[in-house]
file upload-v3.cif (mmCIF, C-alpha atoms)
data_start
#
loop_
_atom_site.label_atom_id
_atom_site.label_comp_id
_atom_site.auth_asym_id
_atom_site.auth_seq_id
_atom_site.Cartn_x
_atom_site.Cartn_y
_atom_site.Cartn_z
CA MET A 1 98.77 134.25 101.45
CA ASN A 2 99.15 131.00 103.37
CA ILE A 3 98.91 127.79 101.32
CA GLN A 4 98.87 124.41 103.00
CA LEU A 5 99.32 121.14 101.17
CA MET A 6 97.41 118.08 102.24
CA ILE A 7 99.82 115.16 101.99
CA GLN A 8 98.68 111.72 103.00
CA PRO A 9 101.39 109.23 103.90
CA VAL A 10 101.41 105.88 102.17
CA THR A 11 100.29 103.25 104.64
CA ASP A 12 100.53 99.48 104.78
CA THR A 13 96.80 99.38 104.04
CA ASP A 14 97.41 101.13 100.70
CA SER A 15 100.08 98.63 99.70
CA GLN A 16 97.89 95.71 100.83
CA THR A 17 95.01 97.04 98.73
CA ASP A 18 97.32 97.40 95.73
CA ALA A 19 98.57 93.83 96.20
CA ILE A 20 95.01 92.47 96.43
CA GLN A 21 93.98 94.38 93.30
CA ALA A 22 97.01 93.08 91.42
CA ALA A 23 96.26 89.50 92.51
CA ARG A 24 92.60 89.87 91.49
CA LYS A 25 93.67 91.26 88.12
CA ALA A 26 96.00 88.28 87.60
CA ALA A 27 93.28 85.80 88.57
CA MET A 28 90.79 87.40 86.18
CA ALA A 29 93.37 87.40 83.37
CA ILE A 30 93.60 83.63 83.78
CA ALA A 31 89.80 83.33 83.88
CA ALA A 32 89.56 85.34 80.65
CA ARG A 33 91.82 82.82 78.89
CA ALA A 34 90.07 79.76 80.35
CA THR A 35 87.43 77.80 78.46
CA SER A 36 83.83 77.55 79.64
CA ALA A 37 84.45 73.93 80.67
CA GLU A 38 87.46 74.94 82.78
CA LEU A 39 85.49 77.71 84.49
CA ALA A 40 82.56 75.34 85.11
CA LEU A 41 84.83 73.27 87.36
CA ILE A 42 84.58 76.07 89.94
CA GLU A 43 80.91 75.25 90.52
CA THR A 44 81.73 71.59 91.23
CA THR A 45 84.85 72.33 93.30
CA ILE A 46 83.23 74.62 95.86
CA SER A 47 80.86 72.86 98.20
CA PRO A 48 78.49 74.11 99.37
CA MET A 49 78.17 76.68 96.61
CA PRO A 50 76.72 79.92 98.00
CA ALA A 51 73.50 81.22 96.50
CA VAL A 52 74.40 83.48 93.60
CA ARG A 53 72.24 86.44 92.61
CA THR A 54 72.41 87.62 89.01
CA LEU A 55 72.89 91.38 88.86
CA ARG A 56 73.36 91.53 85.10
CA ALA A 57 72.39 88.61 82.92
CA PRO A 58 74.88 87.96 80.12
CA GLU A 59 74.63 90.73 77.52
CA ILE A 60 76.26 90.75 74.10
CA GLY A 61 77.61 93.99 72.70
CA LEU A 62 80.33 95.57 70.61
CA VAL A 63 83.53 97.40 71.51
CA MET A 64 85.76 99.43 69.25
CA VAL A 65 89.23 97.96 68.89
CA ARG A 66 91.90 100.62 68.56
CA GLY A 67 95.38 100.20 67.17
CA ARG A 68 98.62 102.10 66.68
CA ILE A 69 101.10 101.66 63.88
CA GLY A 70 104.40 100.55 65.33
CA GLY A 71 102.91 100.63 68.82
CA ASP A 72 103.55 104.35 69.27
CA GLY A 73 101.90 105.98 66.25
CA ALA A 74 98.64 107.85 66.19
CA PRO A 75 95.71 105.70 67.35
CA PHE A 76 93.17 104.56 64.79
CA ASN A 77 89.95 102.52 64.90
CA LEU A 78 90.80 99.01 63.75
CA GLY A 79 87.26 97.65 63.89
CA GLU A 80 84.62 96.28 66.21
CA ALA A 81 84.74 93.14 68.37
CA THR A 82 81.88 91.26 69.99
CA VAL A 83 82.02 90.99 73.78
CA THR A 84 79.75 89.53 76.44
CA ARG A 85 79.45 90.79 80.00
CA ALA A 86 77.76 89.61 83.18
CA ALA A 87 77.66 90.47 86.89
CA VAL A 88 76.76 88.37 89.95
CA ALA A 89 76.65 88.89 93.72
CA LEU A 90 77.21 86.53 96.63
CA PRO A 91 75.13 86.66 99.82
CA SER A 92 78.25 87.85 101.70
CA GLY A 93 78.34 91.00 99.53
CA GLU A 94 81.05 90.29 96.97
CA VAL A 95 80.19 91.41 93.44
CA GLY A 96 81.87 89.75 90.47
CA PHE A 97 82.13 91.00 86.90
CA GLY A 98 82.90 89.00 83.79
CA HIS A 99 83.79 90.35 80.35
CA VAL A 100 84.76 87.93 77.59
CA LEU A 101 85.56 88.28 73.94
CA GLY A 102 82.88 86.67 71.81
CA ARG A 103 79.27 85.63 72.37
CA ASP A 104 79.61 83.02 75.12
CA GLY A 105 77.12 84.13 77.79
CA GLU A 106 77.82 81.14 80.04
CA LYS A 107 81.54 81.91 80.03
CA ALA A 108 80.83 85.53 81.02
CA ARG A 109 78.58 84.35 83.87
CA LEU A 110 81.19 81.86 85.06
CA ALA A 111 83.94 84.50 84.87
CA ALA A 112 81.79 86.81 87.01
CA LEU A 113 81.21 83.95 89.45
CA ALA A 114 84.95 83.28 89.61
CA ASP A 115 85.58 86.97 90.31
CA ALA A 116 83.02 87.09 93.13
CA LEU A 117 84.24 83.85 94.70
CA TRP A 118 87.88 84.96 94.46
CA GLN A 119 87.06 88.08 96.49
CA ASN A 120 85.73 85.87 99.31
CA LYS A 121 88.74 84.64 101.30
CA ALA A 122 86.99 81.37 102.13
CA HIS A 123 86.76 80.45 98.43
CA ARG A 124 89.88 82.11 97.03
CA ALA A 125 92.09 79.01 97.14
CA ALA A 126 89.47 76.90 95.34
CA VAL A 127 89.20 79.47 92.55
CA GLU A 128 92.97 79.69 92.15
CA THR A 129 93.41 75.94 91.69
#

call {"tool": "encode", "arguments": {"input": "upload-v3.cif", "output": "structure tokens"}}
result
Amino acid sequence: MNIQLMIQPVTDTDSQTDAIQAARKAAMAIAARATSAELALIETTISPMPAVRTLRAPEIGLVMVRGRIGGDGAPFNLGEATVTRAAVALPSGEVGFGHVLGRDGEKARLAALADALWQNKAHRAAVET
């Protein structure tokens, strides 16, 4: 019996992709903590603002919040939390997603817009400021 293993070497492209994903995650963590007014500044900062297509209008729903006693105990259902989500697309193909705690549909839309604009290199610096 002859068994061959398929091993793919780690390339620079893999590490670049990981770095971009980590930077996007950090940018969206900041957007999640921002207020609606702070996120609205993105629309006034970027000029001209590209046409934005709504893929998913803001939707309100519930998620189950889980907890653990002492941080390492058995998981249990703590309760439900209200969340709002939205998705938008730019003409250049970037798709942004926004999920926020609470019922603020405008904040979810703006977070999705920030995500989409951040993915576009031409607008990334404006989103990060």

call {"tool": "closest_residue", "arguments": {"input": "upload-v3.cif", "among": "A:Thr35, A:Gln21, A:Thr84, A:Ser15", "to": "Ala108 of chain A", "atoms": "only C-alpha atoms"}}
result
A:Thr84

call {"tool": "closest_residue", "arguments": {"input": "upload-v3.cif", "among": "A:Ala87, A:Ala27, A:Val95, A:Leu101", "to": "Val65 of chain A", "atoms": "all atoms listed in the file"}}
result
A:Leu101

call {"tool": "atom_distance", "arguments": {"input": "upload-v3.cif", "atom1": "atom CA of Val100 of chain A", "atom2": "atom CA of Ala57 of chain A"}}
result
13.5 Å

call {"tool": "closest_residue", "arguments": {"input": "upload-v3.cif", "among": "A:Val63, A:Ile69, A:Ala22, A:Met28", "to": "Ala111 of chain A", "atoms": "only C-alpha atoms"}}
result
A:Met28

call {"tool": "residues_around", "arguments": {"input": "upload-v3.cif", "residues": "Gly96 of chain A", "least_positions_apart": "5", "cutoff": "10 Å", "atoms": "all atoms listed in the file", "output": "NGL selection string"}}
result
:A and (54-55 or 86-90 or 109-119)

call {"tool": "atom_distance", "arguments": {"input": "upload-v3.cif", "atom1": "atom CA of Ile60 of chain A", "atom2": "atom CA of Gly105 of chain A"}}
result
7.6 Å

call {"tool": "closest_residue", "arguments": {"input": "upload-v3.cif", "among": "A:Lys25, A:Arg124, A:Glu106, A:Glu94", "to": "Arg53 of chain A", "atoms": "only C-alpha atoms"}}
result
A:Glu94

call {"tool": "residues_around", "arguments": {"input": "upload-v3.cif", "residues": "Ile42 of chain A", "least_positions_apart": "4", "cutoff": "8 Å", "atoms": "only C-alpha atoms", "output": "list in words"}}
result
Glu38, Ile46, Ala114, Ala126 and Val127 of chain A

call {"tool": "atom_distance", "arguments": {"input": "upload-v3.cif", "atom1": "atom CA of Ala32 of chain A", "atom2": "atom CA of Thr45 of chain A"}}
result
18.7 Å

call {"tool": "residues_around", "arguments": {"input": "upload-v3.cif", "residues": "segment 72-80 of chain A", "least_positions_apart": "4", "cutoff": "12 Å", "atoms": "all atoms listed in the file", "output": "ChimeraX atom specification"}}
result
/A:61-68,101-102

call {"tool": "axis_aligned_box", "arguments": {"input": "upload-v3.cif", "around": "segment 24-34 of chain A", "padding_each_side": "3 Å", "output": "JSON"}}
result
{"center_x": 92.8, "center_y": 85.5, "center_z": 85.2, "size_x": 12.4, "size_y": 17.5, "size_z": 18.6}

call {"tool": "closest_residue", "arguments": {"input": "upload-v3.cif", "among": "A:Asn120, A:Thr82, A:Arg103, A:Pro91", "to": "Ile20 of chain A", "atoms": "only C-alpha atoms"}}
result
A:Asn120

call {"tool": "closest_residue", "arguments": {"input": "upload-v3.cif", "among": "A:Arg85, A:Arg56, A:Arg24, A:Lys107", "to": "Ser36 of chain A", "atoms": "all atoms listed in the file"}}
result
A:Lys107

call {"tool": "decode", "arguments": {"input": "upload-v3.cif", "residues": "segment 19-70 of chain A", "atoms": "C-alpha atoms", "output": "PDB file, in the first residue's frame"}}
result
ATOM      1  CA  ALA A  19      -2.486  39.878   8.057  1.00  0.00           C
ATOM      2  CA  ILE A  20      -5.266  41.490   5.994  1.00  0.00           C
ATOM      3  CA  GLN A  21      -7.919  39.441   7.805  1.00  0.00           C
ATOM      4  CA  ALA A  22      -6.467  40.401  11.179  1.00  0.00           C
ATOM      5  CA  ALA A  23      -6.410  44.088  10.202  1.00  0.00           C
ATOM      6  CA  ARG A  24     -10.008  43.898   8.948  1.00  0.00           C
ATOM      7  CA  LYS A  25     -11.060  42.212  12.178  1.00  0.00           C
ATOM      8  CA  ALA A  26      -9.390  44.977  14.206  1.00  0.00           C
ATOM      9  CA  ALA A  27     -11.035  47.701  12.108  1.00  0.00           C
ATOM     10  CA  MET A  28     -14.466  46.113  12.519  1.00  0.00           C
ATOM     11  CA  ALA A  29     -13.938  45.736  16.279  1.00  0.00           C
ATOM     12  CA  ILE A  30     -13.454  49.509  16.434  1.00  0.00           C
ATOM     13  CA  ALA A  31     -16.526  50.064  14.239  1.00  0.00           C
ATOM     14  CA  ALA A  32     -18.582  47.857  16.565  1.00  0.00           C
ATOM     15  CA  ARG A  33     -17.676  50.091  19.519  1.00  0.00           C
ATOM     16  CA  ALA A  34     -18.246  53.361  17.628  1.00  0.00           C
ATOM     17  CA  THR A  35     -21.459  55.356  17.882  1.00  0.00           C
ATOM     18  CA  SER A  36     -23.749  55.926  14.905  1.00  0.00           C
ATOM     19  CA  ALA A  37     -22.602  59.565  14.760  1.00  0.00           C
ATOM     20  CA  GLU A  38     -18.941  58.504  14.624  1.00  0.00           C
ATOM     21  CA  LEU A  39     -19.637  55.998  11.853  1.00  0.00           C
ATOM     22  CA  ALA A  40     -21.660  58.590   9.916  1.00  0.00           C
ATOM     23  CA  LEU A  41     -18.481  60.654   9.541  1.00  0.00           C
ATOM     24  CA  ILE A  42     -17.269  58.063   7.022  1.00  0.00           C
ATOM     25  CA  GLU A  43     -19.948  59.172   4.555  1.00  0.00           C
ATOM     26  CA  THR A  44     -18.818  62.804   4.781  1.00  0.00           C
ATOM     27  CA  THR A  45     -15.078  62.008   4.769  1.00  0.00           C
ATOM     28  CA  ILE A  46     -15.000  60.009   1.535  1.00  0.00           C
ATOM     29  CA  SER A  47     -15.603  62.086  -1.546  1.00  0.00           C
ATOM     30  CA  PRO A  48     -16.911  61.081  -3.965  1.00  0.00           C
ATOM     31  CA  MET A  49     -18.782  58.355  -2.125  1.00  0.00           C
ATOM     32  CA  PRO A  50     -19.235  55.330  -4.394  1.00  0.00           C
ATOM     33  CA  ALA A  51     -22.759  54.140  -5.094  1.00  0.00           C
ATOM     34  CA  VAL A  52     -23.704  51.636  -2.428  1.00  0.00           C
ATOM     35  CA  ARG A  53     -26.087  48.769  -3.113  1.00  0.00           C
ATOM     36  CA  THR A  54     -28.007  47.326  -0.177  1.00  0.00           C
ATOM     37  CA  LEU A  55     -27.758  43.547  -0.141  1.00  0.00           C
ATOM     38  CA  ARG A  56     -29.504  43.096   3.196  1.00  0.00           C
ATOM     39  CA  ALA A  57     -31.492  45.921   4.720  1.00  0.00           C
ATOM     40  CA  PRO A  58     -31.019  46.203   8.487  1.00  0.00           C
ATOM     41  CA  GLU A  59     -32.742  43.283  10.213  1.00  0.00           C
ATOM     42  CA  ILE A  60     -33.334  42.911  13.934  1.00  0.00           C
ATOM     43  CA  GLY A  61     -33.077  39.498  15.538  1.00  0.00           C
ATOM     44  CA  LEU A  62     -32.039  37.599  18.634  1.00  0.00           C
ATOM     45  CA  VAL A  63     -28.923  35.625  19.516  1.00  0.00           C
ATOM     46  CA  MET A  64     -28.407  33.296  22.435  1.00  0.00           C
ATOM     47  CA  VAL A  65     -25.728  34.502  24.828  1.00  0.00           C
ATOM     48  CA  ARG A  66     -23.755  31.652  26.352  1.00  0.00           C
ATOM     49  CA  GLY A  67     -21.670  31.740  29.486  1.00  0.00           C
ATOM     50  CA  ARG A  68     -19.310  29.594  31.530  1.00  0.00           C
ATOM     51  CA  ILE A  69     -18.851  29.666  35.266  1.00  0.00           C
ATOM     52  CA  GLY A  70     -15.292  30.657  36.041  1.00  0.00           C
TER      53      GLY A  70
END
